[in-house]
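One structure below.
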Amino acid sequence: MFKEIKREIFYTKEIFRYGHGLTGLLRYVKNRLFGRFFIKQLEKYNCQPENDLEIHLLCQKKDIQMLVWSLKSFLHFSELCPKIIVHDDGSLTKELADFLKGKFGNLEVIFKSEADEIINNAPGLSRKLIEYREGGHKLILKLIDVCLLSRAPKIIVLDTDVLFFKRPKEIIDFVKNSYPCEALVSMSHGPWELRLNGKYLSEHHILDSRANYINTGIMVLNKNKITADMLLEFFDNADGPINSYLIEMTGGAFLLNHTKFCFLPIERYHIKGGLMSETVAKHFTNPRRHEFYAYGIDEVRKRMLA
């Protein structure tokens with residue numbers, strides 16, 4: 001309880017520090033306290049599913065509202081119709097799964113107990129990989145379960161705290177086979193933000209050290225480019241502890257470095273800063289989570305109705 005109160009005080013201070021003022025605070029309170037009511041009013045999203053495309057999201061119970069808005073915004077602006085796979089971290093209930101299915105056609109929730117049974121009994125799968133999955137941080141499911149349980153040739157992996165504000169042309173082009181890369185991923189920093197030993201890095205250094213700047217909040221992959229053997233190789237040689245929340249980010253970077261991947265343009269898909277005219281998507285990571293509620297949801301709603 002004390003931790004939650006401390007977090008809310010921090011978010012309130014940040015709302016005023018970044019100039020969102022009383023209006024931003026009122027929106028934050030409205031969307032945080034009454035968010036479940038608003039998403040219940042949303043119409044069900046139906047479309048003709050594309051058999052060659054899946055979108056995967058790992059979700060916990062408390063992030064259901066973010067999941068709904070993340071999916072709604074992506075589907076609306078992309079006009080793509082992937083099969084939607086929600087991976088339960090162990091906290092989702094059948095009631096919540098039924099609610100999500102009532103909001104999105106072609107959505108499937110894979111409960112963790114179901115995933116455990118499938119993966120633990122998968123023929124030929126290394127027991128070591130199963131042990132890593134059982135002993136790792138919950139975010140490890142975003143790596144292992146997406147790899148092992150996805151079926152479509154192309155997969156989009158999306159965090160629940162990402163909102164889309166306009167058409168994601170790069171992602172659409174990749175899905176339609178007109179993008180010259182084997183994978184797409186969002187970037188954690190821009191050239192103007194990166195420092196090494198107190199000096200700004202050059203664009204050349206960024207390209208040489210790309211794995212350090214990968215953010216796995218948005219990944220678009222060719223399924224045949226990731227394998228269970230690659231996952232096992234990563235976990236066998238991982239520097240950090242398997243139960244660290246960073247294991248998913250470093251593991252994602254490892255997988256992507258086995259492909260000819262491209263970064264999504266950081267001026268269009270970003271983490272830091274407010275919405276700009278170029279912004280396609282913004283990742284509202286934990287230090288910026290208040291912005292998701294203080295202006296993100298309302299801005300998405302306004303643009304979807306425009």
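In the structure tokens, chains take letters A, B, ... by order of appearance, with residues numbered from 1 within each chain and ligands from 1 in the order shown.
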
Got a sec to tell me which of segment 22-205 of chain A DSSP assigns to strand (DSSP E), as JSON, numbers by chain? {"A": [53, 54, 55, 56, 57, 58, 59, 83, 84, 85, 86, 87, 88, 107, 108, 109, 110, 154, 155, 156, 157, 158, 162, 163, 164, 183, 184, 185, 186, 187, 195, 196, 199, 200]}

Would you mind exporting the chosen residues as a CSV table (one decimal), in the first residue's frame, restricted to C-alpha atoms?
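New file again.csv:
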```csv
chain,number,residue,atom,x,y,z
A,53,LEU,CA,-0.2,-12.3,-39.2
A,54,GLU,CA,-0.4,-12.5,-35.4
A,55,ILE,CA,0.0,-9.8,-32.8
A,56,HIS,CA,1.2,-11.0,-29.3
A,57,LEU,CA,0.9,-9.2,-26.0
A,58,LEU,CA,2.0,-10.4,-22.6
A,59,CYS,CA,-0.5,-9.0,-20.0
A,83,LYS,CA,-5.0,-12.8,-35.0
A,84,ILE,CA,-4.7,-11.4,-31.5
A,85,ILE,CA,-2.9,-13.6,-28.9
A,86,VAL,CA,-2.9,-12.4,-25.3
A,87,HIS,CA,-0.4,-14.3,-23.1
A,88,ASP,CA,-1.4,-14.5,-19.5
A,107,LEU,CA,-8.8,-12.8,-29.9
A,108,GLU,CA,-7.4,-15.7,-28.0
A,109,VAL,CA,-6.1,-15.7,-24.4
A,110,ILE,CA,-3.5,-18.3,-23.6
A,154,LYS,CA,4.8,-12.7,-39.5
A,155,ILE,CA,4.3,-11.7,-35.8
A,156,ILE,CA,4.0,-8.4,-34.1
A,157,VAL,CA,5.1,-8.3,-30.4
A,158,LEU,CA,3.6,-5.3,-28.6
A,162,VAL,CA,2.2,1.5,-26.3
A,163,LEU,CA,-0.3,3.8,-27.9
A,164,PHE,CA,-0.7,4.6,-31.6
A,183,ALA,CA,12.7,-7.5,-38.5
A,184,LEU,CA,11.7,-4.1,-37.1
A,185,VAL,CA,12.1,-2.9,-33.6
A,186,SER,CA,11.7,0.4,-31.7
A,187,MET,CA,14.7,2.3,-30.4
A,195,ARG,CA,26.7,9.3,-24.3
A,196,LEU,CA,29.8,7.3,-23.9
A,199,LYS,CA,30.9,12.3,-25.1
A,200,TYR,CA,28.1,12.1,-27.6
```

Close residues, segment 273-288 of chain A itself excluded, 7 Å, only C-alpha atoms, min 5 positions apart in chain, as an NGL selection string: :A and (161-168 or 217 or 267-268)

Mind writing the picked residues with N, CA, C and O atoms as a PDB file, in the first residue's frame?
```
ATOM      1  N   ASP A 161       1.707  -0.957 -22.923  1.00  0.00           N
ATOM      2  CA  ASP A 161       1.790   0.476 -22.640  1.00  0.00           C
ATOM      3  C   ASP A 161       2.242   1.294 -23.846  1.00  0.00           C
ATOM      4  O   ASP A 161       2.824   2.364 -23.705  1.00  0.00           O
ATOM      5  N   VAL A 162       1.964   0.792 -25.050  1.00  0.00           N
ATOM      6  CA  VAL A 162       2.243   1.514 -26.291  1.00  0.00           C
ATOM      7  C   VAL A 162       0.932   1.972 -26.896  1.00  0.00           C
ATOM      8  O   VAL A 162      -0.008   1.176 -27.033  1.00  0.00           O
ATOM      9  N   LEU A 163       0.843   3.247 -27.253  1.00  0.00           N
ATOM     10  CA  LEU A 163      -0.336   3.787 -27.926  1.00  0.00           C
ATOM     11  C   LEU A 163       0.044   4.274 -29.323  1.00  0.00           C
ATOM     12  O   LEU A 163       1.129   4.841 -29.524  1.00  0.00           O
ATOM     13  N   PHE A 164      -0.865   4.091 -30.278  1.00  0.00           N
ATOM     14  CA  PHE A 164      -0.662   4.572 -31.642  1.00  0.00           C
ATOM     15  C   PHE A 164      -1.569   5.765 -31.898  1.00  0.00           C
ATOM     16  O   PHE A 164      -2.723   5.787 -31.464  1.00  0.00           O
ATOM     17  N   PHE A 165      -1.014   6.746 -32.634  1.00  0.00           N
ATOM     18  CA  PHE A 165      -1.730   7.991 -32.864  1.00  0.00           C
ATOM     19  C   PHE A 165      -1.941   8.304 -34.345  1.00  0.00           C
ATOM     20  O   PHE A 165      -2.656   9.233 -34.678  1.00  0.00           O
ATOM     21  N   LYS A 166      -1.301   7.551 -35.211  1.00  0.00           N
ATOM     22  CA  LYS A 166      -1.521   7.694 -36.647  1.00  0.00           C
ATOM     23  C   LYS A 166      -1.042   6.427 -37.350  1.00  0.00           C
ATOM     24  O   LYS A 166      -0.564   5.501 -36.713  1.00  0.00           O
ATOM     25  N   ARG A 167      -1.161   6.388 -38.649  1.00  0.00           N
ATOM     26  CA  ARG A 167      -0.897   5.193 -39.451  1.00  0.00           C
ATOM     27  C   ARG A 167       0.572   4.759 -39.338  1.00  0.00           C
ATOM     28  O   ARG A 167       1.469   5.516 -39.692  1.00  0.00           O
ATOM     29  N   PRO A 168       0.840   3.518 -38.897  1.00  0.00           N
ATOM     30  CA  PRO A 168       2.218   3.023 -38.776  1.00  0.00           C
ATOM     31  C   PRO A 168       2.716   2.454 -40.110  1.00  0.00           C
ATOM     32  O   PRO A 168       2.754   1.238 -40.326  1.00  0.00           O
ATOM     33  N   GLY A 217       9.547  -2.855 -26.960  1.00  0.00           N
ATOM     34  CA  GLY A 217       8.136  -2.500 -26.817  1.00  0.00           C
ATOM     35  C   GLY A 217       7.352  -2.747 -28.093  1.00  0.00           C
ATOM     36  O   GLY A 217       6.168  -3.061 -28.052  1.00  0.00           O
ATOM     37  N   GLU A 267      11.941   9.388 -34.328  1.00  0.00           N
ATOM     38  CA  GLU A 267      11.118  10.592 -34.278  1.00  0.00           C
ATOM     39  C   GLU A 267       9.639  10.243 -34.476  1.00  0.00           C
ATOM     40  O   GLU A 267       8.768  11.079 -34.198  1.00  0.00           O
ATOM     41  N   ARG A 268       9.356   9.014 -34.933  1.00  0.00           N
ATOM     42  CA  ARG A 268       7.978   8.586 -35.168  1.00  0.00           C
ATOM     43  C   ARG A 268       7.501   7.557 -34.138  1.00  0.00           C
ATOM     44  O   ARG A 268       6.306   7.461 -33.867  1.00  0.00           O
TER      45      ARG A 268
END
```

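From atom CA of Ala97 of chain A back to atom CA of Lys61 of chain A, the distance works out to 10.1 Å.
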
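Shortest separation to His189 of chain A among A:Gly21, A:Pro265, A:Gly35, A:Gly90 occurs at residue A:Pro265, atoms counted being only C-alpha atoms.
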
Between atom CA of Tyr45 of chain A and atom CA of Ala152 of chain A, measure the distance and give it in Å to one decimal. 20.6 Å

For segment 227-252 of chain A versus segment 114-130 of chain A, which residues have an atom no more than 10 Å away, and what is each residue's nearest atom pair and distance in Å rounded to one decimal, using only C-alpha atoms, chain-then-number order, as CSV?
```
residue,atom,partner,partner_atom,distance
A:Ala228,CA,A:Leu125,CA,7.8
A:Asp229,CA,A:Ser126,CA,8.6
A:Leu231,CA,A:Leu129,CA,7.7
A:Leu232,CA,A:Leu129,CA,5.8
A:Glu233,CA,A:Leu129,CA,9.4
A:Phe235,CA,A:Leu129,CA,7.9
A:Asp236,CA,A:Lys128,CA,8.8
```

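Counting only C-alpha atoms and comparing A:Asn243, A:Val146, A:Lys225, A:Asp52, the residue that lies closest to Asn177 of chain A is A:Asp52.
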
For atom CA of Met219 of chain A and atom CA of Leu96 of chain A, quote the distance in Å rounded to one decimal. 25.4 Å

Measuring atom to atom with only C-alpha atoms, identify which of A:Lys44, A:Lys272, A:Phe37, A:Ser78 is nearest to Lys176 of chain A. A:Ser78

Just the residues within 9 Å of Gly136 of chain A, please, counting only C-alpha atoms, with nothing from its chain fewer than 5 positions along; format it as a ChimeraX atom specification. /A:131,141,241-245,247

Please produce a file of those selected residues containing N, CA, C and O atoms, as a PDB file, in the first residue's frame.
```pdb
ATOM      1  N   GLU A 131      13.278 -25.191 -17.930  1.00  0.00           N
ATOM      2  CA  GLU A 131      13.736 -24.781 -16.603  1.00  0.00           C
ATOM      3  C   GLU A 131      14.025 -23.285 -16.554  1.00  0.00           C
ATOM      4  O   GLU A 131      13.724 -22.616 -15.553  1.00  0.00           O
ATOM      5  N   LEU A 141       8.372 -14.799 -20.419  1.00  0.00           N
ATOM      6  CA  LEU A 141       7.298 -15.391 -21.212  1.00  0.00           C
ATOM      7  C   LEU A 141       7.138 -14.666 -22.544  1.00  0.00           C
ATOM      8  O   LEU A 141       6.705 -15.267 -23.537  1.00  0.00           O
ATOM      9  N   PRO A 241      21.269 -12.213 -14.216  1.00  0.00           N
ATOM     10  CA  PRO A 241      20.450 -13.283 -13.614  1.00  0.00           C
ATOM     11  C   PRO A 241      19.183 -13.519 -14.418  1.00  0.00           C
ATOM     12  O   PRO A 241      18.595 -12.585 -14.967  1.00  0.00           O
ATOM     13  N   ILE A 242      18.747 -14.763 -14.467  1.00  0.00           N
ATOM     14  CA  ILE A 242      17.592 -15.147 -15.257  1.00  0.00           C
ATOM     15  C   ILE A 242      16.303 -14.538 -14.720  1.00  0.00           C
ATOM     16  O   ILE A 242      15.319 -14.379 -15.441  1.00  0.00           O
ATOM     17  N   ASN A 243      16.276 -14.164 -13.437  1.00  0.00           N
ATOM     18  CA  ASN A 243      15.061 -13.595 -12.845  1.00  0.00           C
ATOM     19  C   ASN A 243      15.052 -12.070 -12.866  1.00  0.00           C
ATOM     20  O   ASN A 243      14.218 -11.440 -12.233  1.00  0.00           O
ATOM     21  N   SER A 244      15.973 -11.470 -13.620  1.00  0.00           N
ATOM     22  CA  SER A 244      15.990 -10.017 -13.775  1.00  0.00           C
ATOM     23  C   SER A 244      14.955  -9.590 -14.806  1.00  0.00           C
ATOM     24  O   SER A 244      14.767 -10.256 -15.832  1.00  0.00           O
ATOM     25  N   TYR A 245      14.277  -8.454 -14.568  1.00  0.00           N
ATOM     26  CA  TYR A 245      13.300  -7.969 -15.530  1.00  0.00           C
ATOM     27  C   TYR A 245      13.961  -7.538 -16.831  1.00  0.00           C
ATOM     28  O   TYR A 245      13.306  -7.401 -17.870  1.00  0.00           O
ATOM     29  N   ILE A 247      15.988  -9.335 -18.492  1.00  0.00           N
ATOM     30  CA  ILE A 247      16.299 -10.510 -19.294  1.00  0.00           C
ATOM     31  C   ILE A 247      15.534 -10.506 -20.614  1.00  0.00           C
ATOM     32  O   ILE A 247      16.034 -10.945 -21.648  1.00  0.00           O
TER      33      ILE A 247
END
```

So which one's closest to Ser70 of chain A, A:Leu26, A:Leu256, A:Ile218, A:Leu246? Using only C-alpha atoms, please. A:Ile218

Going by DSSP on the backbone, which residues of segment 99-300 of chain A come out as alpha helix (DSSP H)? List them as an mmCIF file with N, CA and C atoms, in the first residue's frame.
```cif
data_model
loop_
_atom_site.group_PDB
_atom_site.id
_atom_site.type_symbol
_atom_site.label_atom_id
_atom_site.label_comp_id
_atom_site.auth_asym_id
_atom_site.auth_seq_id
_atom_site.Cartn_x
_atom_site.Cartn_y
_atom_site.Cartn_z
ATOM 1 N N PHE A 99 -14.153 -10.926 -21.269
ATOM 2 C CA PHE A 99 -14.326 -9.489 -21.542
ATOM 3 C C PHE A 99 -13.524 -9.079 -22.778
ATOM 4 N N LEU A 100 -12.272 -9.514 -22.853
ATOM 5 C CA LEU A 100 -11.426 -9.165 -24.000
ATOM 6 C C LEU A 100 -11.979 -9.750 -25.293
ATOM 7 N N LYS A 101 -12.465 -10.967 -25.240
ATOM 8 C CA LYS A 101 -13.050 -11.587 -26.426
ATOM 9 C C LYS A 101 -14.311 -10.856 -26.864
ATOM 10 N N GLY A 102 -14.961 -10.207 -25.910
ATOM 11 C CA GLY A 102 -16.150 -9.422 -26.232
ATOM 12 C C GLY A 102 -15.818 -8.080 -26.854
ATOM 13 N N LYS A 103 -14.558 -7.681 -26.794
ATOM 14 C CA LYS A 103 -14.135 -6.400 -27.360
ATOM 15 C C LYS A 103 -13.372 -6.552 -28.664
ATOM 16 N N LYS A 112 -1.611 -18.990 -18.586
ATOM 17 C CA LYS A 112 -0.280 -19.512 -18.286
ATOM 18 C C LYS A 112 -0.320 -21.014 -18.006
ATOM 19 N N SER A 113 -1.365 -21.472 -17.344
ATOM 20 C CA SER A 113 -1.472 -22.905 -17.066
ATOM 21 C C SER A 113 -1.551 -23.712 -18.359
ATOM 22 N N GLU A 114 -2.258 -23.155 -19.371
ATOM 23 C CA GLU A 114 -2.343 -23.823 -20.665
ATOM 24 C C GLU A 114 -0.989 -23.823 -21.371
ATOM 25 N N ALA A 115 -0.319 -22.662 -21.332
ATOM 26 C CA ALA A 115 0.999 -22.566 -21.959
ATOM 27 C C ALA A 115 1.988 -23.512 -21.285
ATOM 28 N N ASP A 116 1.909 -23.597 -19.944
ATOM 29 C CA ASP A 116 2.796 -24.512 -19.209
ATOM 30 C C ASP A 116 2.635 -25.935 -19.717
ATOM 31 N N GLU A 117 1.389 -26.346 -19.870
ATOM 32 C CA GLU A 117 1.126 -27.732 -20.289
ATOM 33 C C GLU A 117 1.636 -27.989 -21.700
ATOM 34 N N ILE A 118 1.372 -27.045 -22.603
ATOM 35 C CA ILE A 118 1.807 -27.221 -23.995
ATOM 36 C C ILE A 118 3.327 -27.287 -24.085
ATOM 37 N N ILE A 119 3.990 -26.334 -23.424
ATOM 38 C CA ILE A 119 5.446 -26.232 -23.542
ATOM 39 C C ILE A 119 6.133 -27.368 -22.782
ATOM 40 N N ASN A 120 5.640 -27.699 -21.622
ATOM 41 C CA ASN A 120 6.270 -28.774 -20.837
ATOM 42 C C ASN A 120 6.169 -30.133 -21.522
ATOM 43 N N ARG A 127 14.846 -29.564 -22.053
ATOM 44 C CA ARG A 127 14.425 -29.397 -20.664
ATOM 45 C C ARG A 127 15.080 -28.162 -20.042
ATOM 46 N N LYS A 128 16.272 -27.832 -20.498
ATOM 47 C CA LYS A 128 16.945 -26.645 -19.957
ATOM 48 C C LYS A 128 16.138 -25.393 -20.267
ATOM 49 N N LEU A 129 15.579 -25.303 -21.476
ATOM 50 C CA LEU A 129 14.782 -24.139 -21.840
ATOM 51 C C LEU A 129 13.527 -24.060 -20.973
ATOM 52 N N ILE A 130 12.922 -25.208 -20.701
ATOM 53 C CA ILE A 130 11.749 -25.242 -19.820
ATOM 54 C C ILE A 130 12.121 -24.790 -18.414
ATOM 55 N N GLU A 131 13.278 -25.191 -17.930
ATOM 56 C CA GLU A 131 13.736 -24.781 -16.603
ATOM 57 C C GLU A 131 14.025 -23.285 -16.554
ATOM 58 N N TYR A 132 14.610 -22.753 -17.614
ATOM 59 C CA TYR A 132 14.835 -21.303 -17.672
ATOM 60 C C TYR A 132 13.498 -20.567 -17.596
ATOM 61 N N ARG A 133 12.512 -21.055 -18.329
ATOM 62 C CA ARG A 133 11.194 -20.425 -18.339
ATOM 63 C C ARG A 133 10.566 -20.455 -16.951
ATOM 64 N N GLU A 134 10.699 -21.560 -16.258
ATOM 65 C CA GLU A 134 10.100 -21.704 -14.933
ATOM 66 C C GLU A 134 10.822 -20.865 -13.881
ATOM 67 N N GLY A 135 12.108 -20.651 -14.056
ATOM 68 C CA GLY A 135 12.878 -19.925 -13.045
ATOM 69 C C GLY A 135 13.110 -18.464 -13.345
ATOM 70 N N ILE A 140 10.033 -13.134 -19.101
ATOM 71 C CA ILE A 140 10.669 -14.143 -19.942
ATOM 72 C C ILE A 140 9.637 -14.826 -20.841
ATOM 73 N N LEU A 141 8.372 -14.799 -20.419
ATOM 74 C CA LEU A 141 7.298 -15.391 -21.212
ATOM 75 C C LEU A 141 7.138 -14.666 -22.544
ATOM 76 N N LYS A 142 7.463 -13.391 -22.553
ATOM 77 C CA LYS A 142 7.361 -12.623 -23.792
ATOM 78 C C LYS A 142 8.334 -13.141 -24.843
ATOM 79 N N LEU A 143 9.443 -13.708 -24.408
ATOM 80 C CA LEU A 143 10.411 -14.293 -25.336
ATOM 81 C C LEU A 143 10.029 -15.725 -25.697
ATOM 82 N N ILE A 144 9.940 -16.570 -24.681
ATOM 83 C CA ILE A 144 9.808 -18.001 -24.919
ATOM 84 C C ILE A 144 8.431 -18.359 -25.467
ATOM 85 N N ASP A 145 7.373 -17.856 -24.839
ATOM 86 C CA ASP A 145 6.032 -18.266 -25.250
ATOM 87 C C ASP A 145 5.669 -17.735 -26.635
ATOM 88 N N VAL A 146 6.088 -16.503 -26.932
ATOM 89 C CA VAL A 146 5.809 -15.973 -28.272
ATOM 90 C C VAL A 146 6.532 -16.806 -29.328
ATOM 91 N N CYS A 147 7.771 -17.170 -29.039
ATOM 92 C CA CYS A 147 8.553 -17.978 -29.985
ATOM 93 C C CYS A 147 7.916 -19.344 -30.187
ATOM 94 N N LEU A 148 7.526 -20.006 -29.105
ATOM 95 C CA LEU A 148 7.074 -21.392 -29.192
ATOM 96 C C LEU A 148 5.603 -21.537 -29.563
ATOM 97 N N LEU A 149 4.785 -20.529 -29.256
ATOM 98 C CA LEU A 149 3.351 -20.678 -29.451
ATOM 99 C C LEU A 149 2.802 -19.887 -30.641
ATOM 100 N N LYS A 169 3.095 3.325 -41.015
ATOM 101 C CA LYS A 169 3.431 2.926 -42.390
ATOM 102 C C LYS A 169 4.528 1.866 -42.431
ATOM 103 N N GLU A 170 5.554 2.029 -41.602
ATOM 104 C CA GLU A 170 6.675 1.092 -41.625
ATOM 105 C C GLU A 170 6.221 -0.327 -41.286
ATOM 106 N N ILE A 171 5.366 -0.451 -40.277
ATOM 107 C CA ILE A 171 4.879 -1.770 -39.873
ATOM 108 C C ILE A 171 3.995 -2.370 -40.957
ATOM 109 N N ILE A 172 3.130 -1.553 -41.527
ATOM 110 C CA ILE A 172 2.255 -2.028 -42.601
ATOM 111 C C ILE A 172 3.080 -2.501 -43.790
ATOM 112 N N ASP A 173 4.086 -1.711 -44.177
ATOM 113 C CA ASP A 173 4.934 -2.089 -45.310
ATOM 114 C C ASP A 173 5.660 -3.404 -45.043
ATOM 115 N N PHE A 174 6.133 -3.596 -43.802
ATOM 116 C CA PHE A 174 6.817 -4.844 -43.458
ATOM 117 C C PHE A 174 5.857 -6.028 -43.595
ATOM 118 N N VAL A 175 4.673 -5.859 -43.066
ATOM 119 C CA VAL A 175 3.682 -6.941 -43.124
ATOM 120 C C VAL A 175 3.321 -7.269 -44.574
ATOM 121 N N GLU A 203 26.506 8.675 -35.101
ATOM 122 C CA GLU A 203 25.548 7.774 -35.734
ATOM 123 C C GLU A 203 26.235 6.472 -36.123
ATOM 124 N N HIS A 204 27.501 6.546 -36.524
ATOM 125 C CA HIS A 204 28.251 5.345 -36.916
ATOM 126 C C HIS A 204 28.392 4.394 -35.732
ATOM 127 N N HIS A 205 28.663 4.956 -34.554
ATOM 128 C CA HIS A 205 28.816 4.105 -33.371
ATOM 129 C C HIS A 205 27.492 3.446 -33.010
ATOM 130 N N ILE A 206 26.395 4.181 -33.181
ATOM 131 C CA ILE A 206 25.081 3.617 -32.896
ATOM 132 C C ILE A 206 24.826 2.403 -33.773
ATOM 133 N N LEU A 207 25.157 2.516 -35.046
ATOM 134 C CA LEU A 207 24.940 1.406 -35.961
ATOM 135 C C LEU A 207 25.822 0.222 -35.607
ATOM 136 N N ASP A 208 27.016 0.497 -35.089
ATOM 137 C CA ASP A 208 27.921 -0.587 -34.711
ATOM 138 C C ASP A 208 27.504 -1.243 -33.400
ATOM 139 N N ALA A 228 13.844 -21.976 -31.051
ATOM 140 C CA ALA A 228 14.073 -22.396 -29.664
ATOM 141 C C ALA A 228 15.567 -22.544 -29.392
ATOM 142 N N ASP A 229 16.334 -22.992 -30.378
ATOM 143 C CA ASP A 229 17.785 -23.144 -30.203
ATOM 144 C C ASP A 229 18.456 -21.796 -29.941
ATOM 145 N N MET A 230 17.979 -20.747 -30.603
ATOM 146 C CA MET A 230 18.527 -19.415 -30.371
ATOM 147 C C MET A 230 18.226 -18.955 -28.947
ATOM 148 N N LEU A 231 17.021 -19.224 -28.482
ATOM 149 C CA LEU A 231 16.662 -18.872 -27.104
ATOM 150 C C LEU A 231 17.555 -19.598 -26.105
ATOM 151 N N LEU A 232 17.755 -20.877 -26.337
ATOM 152 C CA LEU A 232 18.582 -21.666 -25.426
ATOM 153 C C LEU A 232 20.017 -21.156 -25.417
ATOM 154 N N GLU A 233 20.523 -20.800 -26.581
ATOM 155 C CA GLU A 233 21.874 -20.250 -26.659
ATOM 156 C C GLU A 233 21.994 -18.971 -25.844
ATOM 157 N N PHE A 234 20.964 -18.120 -25.933
ATOM 158 C CA PHE A 234 21.000 -16.879 -25.167
ATOM 159 C C PHE A 234 21.007 -17.143 -23.668
ATOM 160 N N PHE A 235 20.072 -17.966 -23.202
ATOM 161 C CA PHE A 235 19.976 -18.205 -21.763
ATOM 162 C C PHE A 235 21.211 -18.916 -21.217
ATOM 163 N N ASP A 236 21.802 -19.786 -22.008
ATOM 164 C CA ASP A 236 23.019 -20.476 -21.571
ATOM 165 C C ASP A 236 24.186 -19.514 -21.373
ATOM 166 N N ASN A 237 24.140 -18.388 -22.088
ATOM 167 C CA ASN A 237 25.267 -17.463 -22.058
ATOM 168 C C ASN A 237 24.896 -16.081 -21.518
ATOM 169 N N ILE A 247 15.988 -9.335 -18.492
ATOM 170 C CA ILE A 247 16.299 -10.510 -19.294
ATOM 171 C C ILE A 247 15.534 -10.506 -20.614
ATOM 172 N N GLU A 248 14.309 -9.974 -20.580
ATOM 173 C CA GLU A 248 13.506 -9.936 -21.810
ATOM 174 C C GLU A 248 14.099 -8.977 -22.820
ATOM 175 N N MET A 249 14.567 -7.808 -22.356
ATOM 176 C CA MET A 249 15.119 -6.809 -23.267
ATOM 177 C C MET A 249 16.424 -7.300 -23.896
ATOM 178 N N THR A 250 17.297 -7.877 -23.077
ATOM 179 C CA THR A 250 18.573 -8.360 -23.615
ATOM 180 C C THR A 250 18.360 -9.590 -24.500
ATOM 181 N N GLY A 251 17.400 -10.434 -24.126
ATOM 182 C CA GLY A 251 17.087 -11.585 -24.954
ATOM 183 C C GLY A 251 16.515 -11.177 -26.297
ATOM 184 N N GLY A 252 15.656 -10.163 -26.293
ATOM 185 C CA GLY A 252 15.114 -9.657 -27.552
ATOM 186 C C GLY A 252 16.205 -9.115 -28.449
ATOM 187 N N ALA A 253 17.156 -8.401 -27.852
ATOM 188 C CA ALA A 253 18.283 -7.873 -28.627
ATOM 189 C C ALA A 253 19.110 -9.009 -29.226
ATOM 190 N N PHE A 254 19.301 -10.079 -28.448
ATOM 191 C CA PHE A 254 20.058 -11.234 -28.936
ATOM 192 C C PHE A 254 19.372 -11.847 -30.156
ATOM 193 N N LEU A 255 18.065 -12.041 -30.072
ATOM 194 C CA LEU A 255 17.334 -12.632 -31.190
ATOM 195 C C LEU A 255 17.392 -11.743 -32.425
ATOM 196 N N LEU A 256 17.199 -10.457 -32.224
ATOM 197 C CA LEU A 256 17.194 -9.528 -33.352
ATOM 198 C C LEU A 256 18.551 -9.447 -34.031
ATOM 199 N N ARG A 289 4.366 6.455 -17.137
ATOM 200 C CA ARG A 289 3.072 5.800 -17.186
ATOM 201 C C ARG A 289 1.926 6.780 -16.946
ATOM 202 N N HIS A 290 2.173 7.800 -16.131
ATOM 203 C CA HIS A 290 1.124 8.780 -15.854
ATOM 204 C C HIS A 290 0.635 9.466 -17.128
ATOM 205 N N GLU A 291 1.538 9.633 -18.117
ATOM 206 C CA GLU A 291 1.163 10.309 -19.357
ATOM 207 C C GLU A 291 0.167 9.486 -20.170
ATOM 208 N N ILE A 297 -4.712 8.451 -23.540
ATOM 209 C CA ILE A 297 -6.010 7.854 -23.850
ATOM 210 C C ILE A 297 -6.939 8.873 -24.501
ATOM 211 N N ASP A 298 -7.009 10.081 -23.941
ATOM 212 C CA ASP A 298 -7.908 11.093 -24.483
ATOM 213 C C ASP A 298 -7.509 11.489 -25.902
ATOM 214 N N GLU A 299 -6.214 11.563 -26.171
ATOM 215 C CA GLU A 299 -5.749 11.930 -27.509
ATOM 216 C C GLU A 299 -6.062 10.827 -28.511
ATOM 217 N N VAL A 300 -5.880 9.578 -28.117
ATOM 218 C CA VAL A 300 -6.239 8.461 -28.993
ATOM 219 C C VAL A 300 -7.729 8.489 -29.297
#
```

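Shell of Glu182 of chain A at 7 Å, with only C-alpha atoms counted and residues fewer than 4 places along the chain excluded, is Leu221, Asn222, Thr259, Lys260 and Phe261 of chain A.
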
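Minimum distance to Leu80 of chain A across A:Val220, A:Cys262, A:Leu42, A:Cys47 (counting only C-alpha atoms) occurs at A:Cys47.
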